[in-house]
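query_3.txt follows (compact mmCIF, C-alpha atoms):
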# COMPACT_ATOMS: atom_id res chain seq x y z
CA ASP Z 6 128.89 83.85 117.67
CA ASP Z 7 126.92 81.91 115.03
CA HIS Z 8 124.11 84.45 114.86
CA PHE Z 9 126.49 87.32 114.17
CA HIS Z 10 128.21 85.28 111.47
CA LEU Z 11 124.83 84.45 109.95
CA ARG Z 12 123.67 88.06 109.96
CA SER Z 13 126.88 89.31 108.35
CA SER Z 14 126.81 86.45 105.82
CA ILE Z 15 123.22 87.27 104.85
CA ALA Z 16 124.17 90.93 104.48
CA GLN Z 17 127.00 90.01 102.08
CA VAL Z 18 124.99 87.50 100.03
CA LYS Z 19 122.00 89.84 99.85
CA LYS Z 20 124.06 92.17 97.65
CA THR Z 21 124.45 89.58 94.88
CA VAL Z 22 121.52 87.17 95.18
CA SER Z 23 118.00 87.99 94.05
CA ALA Z 24 115.33 87.13 96.63
CA ASN Z 25 112.82 86.99 93.77
CA LYS Z 26 114.97 84.38 91.99
CA MET Z 27 115.16 82.38 95.23
CA LEU Z 28 111.37 82.54 95.59
CA ASP Z 29 110.90 81.33 91.99
CA ILE Z 30 113.32 78.45 92.62
CA PHE Z 31 111.49 77.55 95.83
CA LYS Z 32 108.07 77.59 94.17
CA ALA Z 33 109.30 75.41 91.29
CA MET Z 34 110.96 72.91 93.61
CA TYR Z 35 108.11 72.82 96.14
CA ARG Z 36 105.39 72.37 93.54
CA ASN Z 37 107.21 69.29 92.36
CA GLY Z 38 106.50 67.67 95.73
CA GLY Z 39 109.88 68.29 97.31
CA GLU Z 40 110.16 67.95 101.07
CA ILE Z 41 111.57 71.04 102.76
CA SER Z 42 114.57 69.38 104.34
CA ARG Z 43 118.07 70.64 105.07
CA ASP Z 44 119.20 69.26 101.70
CA PHE Z 45 116.29 70.99 99.94
CA LEU Z 46 117.26 74.35 101.46
CA ALA Z 47 120.94 73.86 100.62
CA GLU Z 48 120.07 72.95 97.00
CA MET Z 49 117.75 75.95 96.69
CA PHE Z 50 120.45 78.29 98.01
CA TYR Z 51 123.12 76.77 95.77
CA THR Z 52 120.85 77.10 92.71
CA ALA Z 53 120.32 80.77 93.61
CA GLY Z 54 124.09 81.34 93.79
CA ILE Z 55 124.79 80.94 97.51
CA GLU Z 56 127.72 78.54 97.60
CA ASP Z 57 128.55 78.77 101.32
CA ASP Z 58 126.55 75.86 102.74
CA ARG Z 59 127.08 77.16 106.28
CA ILE Z 60 124.48 79.84 105.56
CA ALA Z 61 121.83 77.26 104.63
CA ASN Z 62 122.76 75.07 107.60
CA HIS Z 63 122.61 77.92 110.11
CA ILE Z 64 119.32 79.18 108.70
CA PHE Z 65 117.85 75.69 108.75
CA ASP Z 66 118.86 75.25 112.41
CA LEU Z 67 117.44 78.67 113.23
CA MET Z 68 114.07 77.97 111.61
CA ASP Z 69 113.60 74.28 112.54
CA ARG Z 70 112.38 75.15 116.02
CA ASN Z 71 110.76 71.75 116.69
CA CYS Z 72 113.90 69.90 115.44
CA ASP Z 73 111.94 67.53 113.19
CA GLY Z 74 114.30 68.03 110.24
CA LYS Z 75 111.65 69.75 108.11
CA LEU Z 76 110.58 73.32 107.45
CA GLN Z 77 107.09 74.61 106.77
CA PRO Z 78 106.48 76.82 103.71
CA SER Z 79 105.84 79.77 106.05
CA GLU Z 80 109.32 79.29 107.56
CA ILE Z 81 110.91 79.30 104.10
CA MET Z 82 109.03 82.50 103.26
CA ALA Z 83 110.43 84.07 106.43
CA VAL Z 84 113.94 83.04 105.34
CA LEU Z 85 113.46 84.57 101.89
CA THR Z 86 112.36 87.92 103.35
CA MET Z 87 115.79 88.14 105.01
CA PHE Z 88 117.31 88.44 101.53
CA GLN Z 89 114.91 91.07 100.14
CA GLY Z 90 116.09 94.66 100.08
CA GLY Z 91 114.70 97.74 98.43
CA SER Z 92 111.99 100.21 99.31
CA ALA Z 93 109.13 99.45 101.67
CA THR Z 94 106.84 99.01 98.66
CA GLN Z 95 109.22 96.52 97.04
CA ARG Z 96 109.52 94.56 100.30
CA PHE Z 97 105.72 94.44 100.76
CA LYS Z 98 105.19 93.29 97.17
CA PHE Z 99 107.81 90.59 97.70
CA LEU Z 100 106.14 89.52 100.96
CA PHE Z 101 102.83 89.18 99.10
CA ARG Z 102 104.53 87.02 96.46
CA CYS Z 103 105.87 84.86 99.29
CA LEU Z 104 102.45 84.53 100.88
CA ASP Z 105 100.71 83.77 97.58
CA LEU Z 106 102.36 80.38 97.04
CA ASP Z 107 99.91 79.19 94.40
CA GLY Z 108 100.07 82.45 92.41
CA GLY Z 109 96.29 82.92 92.58
CA GLY Z 110 96.45 86.54 93.71
CA THR Z 111 94.98 85.89 97.17
CA VAL Z 112 96.45 85.05 100.55
CA ASP Z 113 94.92 82.67 103.07
CA LYS Z 114 94.57 84.22 106.54
CA SER Z 115 96.19 81.26 108.32
CA GLU Z 116 99.17 81.30 105.91
CA PHE Z 117 99.52 85.04 106.47
CA ARG Z 118 99.59 84.60 110.26
CA ALA Z 119 101.99 81.64 110.09
CA THR Z 120 104.40 83.50 107.82
CA LEU Z 121 104.40 86.71 109.86
CA THR Z 122 104.94 84.69 113.04
CA ALA Z 123 107.85 82.87 111.36
CA ILE Z 124 109.35 86.21 110.26
CA LEU Z 125 109.14 87.56 113.81
CA GLU Z 126 110.72 84.38 115.17
CA ALA Z 127 113.56 84.58 112.64
CA GLN Z 128 114.19 88.23 113.45
CA TYR Z 129 114.12 87.48 117.17
CA HIS Z 130 116.63 84.65 116.88
CA LEU Z 131 118.93 86.77 114.72
CA GLY Z 132 119.04 89.75 117.04
CA GLY Z 133 116.02 90.27 119.24
CA LEU Z 134 112.79 92.10 118.57
CA SER Z 135 112.55 95.88 118.64
CA ASP Z 136 109.82 97.62 120.60
CA ILE Z 137 108.01 99.83 118.05
CA PHE Z 138 107.23 102.35 120.78
CA ASP Z 139 110.75 102.47 122.23
CA HIS Z 140 113.40 101.89 119.54
CA ASP Z 141 116.14 101.53 122.16
CA GLU Z 142 114.37 98.51 123.70
CA ILE Z 143 115.29 95.08 122.31
CA PHE Z 144 113.37 92.02 123.48
CA SER Z 145 115.97 89.29 123.65
CA ASN Z 146 114.33 86.94 126.12
CA VAL Z 147 110.88 86.41 124.64
CA PHE Z 148 109.53 82.91 125.27
CA PRO Z 149 107.95 80.85 122.44
CA ASN Z 150 104.41 81.25 123.84
CA GLU Z 151 104.87 85.04 123.69
CA TYR Z 152 105.68 85.18 119.94
CA HIS Z 153 101.99 85.02 119.07
CA THR Z 154 101.27 87.87 121.48
CA VAL Z 155 103.92 89.99 119.77
CA ALA Z 156 102.62 88.95 116.32

Show how you would write the structure in this file as structure tokens.
Amino acid sequence: DDHFHLRSSIAQVKKTVSANKMLDIFKAMYRNGGEISRDFLAEMFYTAGIEDDRIANHIFDLMDRNCDGKLQPSEIMAVLTMFQGGSATQRFKFLFRCLDLDGGGTVDKSEFRATLTAILEAQYHLGGLSDIFDHDEIFSNVFPNEYHTVA
């Protein structure tokens, strides 16, 4: 199963790769006008120390829901949050850094919504969504028009 392989691969890579370093690489590359293509993602991962290109390819396929061969910045931010560990405070600070692409110290409401929706979509496609009121319930057949309701 590709999703299981991807989850276990992310878990292994997460131990050695800094999500903050990946975010810095992304911001530097994206500010230089780079298109967020499959090659862009693979180069970003390789620069961060992820040499297994299957991880980048699987993640790209997972996030490119409209199959146009491009990712939105919010989708990249969702990918990067998969690699961030640490305490809840550290994860929230990292999420803010992801949302604040220009480094201005503020987050645009539409970017915030787009990124959180992309994070939920990524989590759903990796293993379903948990019901916060019933931790034994996993939503594994949520339709695309229902993501925004969940978000």

Nearest to Z:Pro78 by atom-to-atom distance, counting all atoms listed in the file, from Z:His63, Z:Arg102, Z:Met49, Z:Thr120: Z:Thr120

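Counting all atoms listed in the file, Z:Glu80 has the following residues at most 7 Å away, ignoring those fewer than 3 positions along the same chain: Met68, Leu76, Gln77, Ala83, Val84, Thr120 and Ala123 of chain Z.
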
Length of the atom CA of Z:Ser14 to atom CA of Z:Ile81 vector [Å]: 17.5 Å

Contacts of Z:Asp105 at 12 Å (all atoms listed in the file; same-chain gap of 5+ positions) as a PyMOL selection string: chain Z and resi 28-29+32+78-79+82+98-100+110-117+120

With a distance cut-off of 10 Å and all atoms listed in the file, select the neighbouring residues of Z:Phe65, excluding the residue or stretch itself and same-chain residues fewer than 2 positions from it, and output the selection as a compact mmCIF listing (two decimals) with C-alpha atoms, keeping the file's coordinate frame.
# COMPACT_ATOMS: atom_id res chain seq x y z
CA ILE Z 41 111.57 71.04 102.76
CA SER Z 42 114.57 69.38 104.34
CA ARG Z 43 118.07 70.64 105.07
CA ASP Z 44 119.20 69.26 101.70
CA LEU Z 46 117.26 74.35 101.46
CA ALA Z 47 120.94 73.86 100.62
CA ARG Z 59 127.08 77.16 106.28
CA ILE Z 60 124.48 79.84 105.56
CA ALA Z 61 121.83 77.26 104.63
CA ASN Z 62 122.76 75.07 107.60
CA HIS Z 63 122.61 77.92 110.11
CA LEU Z 67 117.44 78.67 113.23
CA MET Z 68 114.07 77.97 111.61
CA ASP Z 69 113.60 74.28 112.54
CA ARG Z 70 112.38 75.15 116.02
CA CYS Z 72 113.90 69.90 115.44
CA GLY Z 74 114.30 68.03 110.24
CA LYS Z 75 111.65 69.75 108.11
CA LEU Z 76 110.58 73.32 107.45
CA GLU Z 80 109.32 79.29 107.56
CA ILE Z 81 110.91 79.30 104.10
CA VAL Z 84 113.94 83.04 105.34

Residue among Z:Ile55, Z:Phe97, Z:Ala127, Z:Asp66 lying closest to Z:Ser23, counting all atoms listed in the file: Z:Ile55

Residue with smallest distance to Z:Ile30 - pool Z:Leu11, Z:Leu85, Z:Ala119, Z:Leu104, counting only C-alpha atoms: Z:Leu85

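Minimum atom-to-atom distances from Z:Asn25, Z:Gln128, Z:Thr52, Z:Thr122 to Z:Phe88 were compared using all atoms listed in the file, and the lowest value belongs to Z:Asn25.
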
Atomic separation - atom CA of Z:Met34 relative to atom CA of Z:Tyr51, Å: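 Going from atom CA of Z:Tyr51 over to atom CA of Z:Met34, I get 12.9 Å.
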
Best match for closeness to Z:Phe101 among Z:Thr86, Z:His10, Z:Tyr129, Z:Lys26, counting all atoms listed in the file: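 Of Z:Thr86, Z:His10, Z:Tyr129, Z:Lys26, the one nearest Z:Phe101, counting all atoms listed in the file, is Z:Thr86.
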
Coordinates-based distance that separates atom CA of Z:Glu56 from atom CA of Z:Lys20 (Å, one decimal):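 Here the two named atoms are 14.1 Å from each other.
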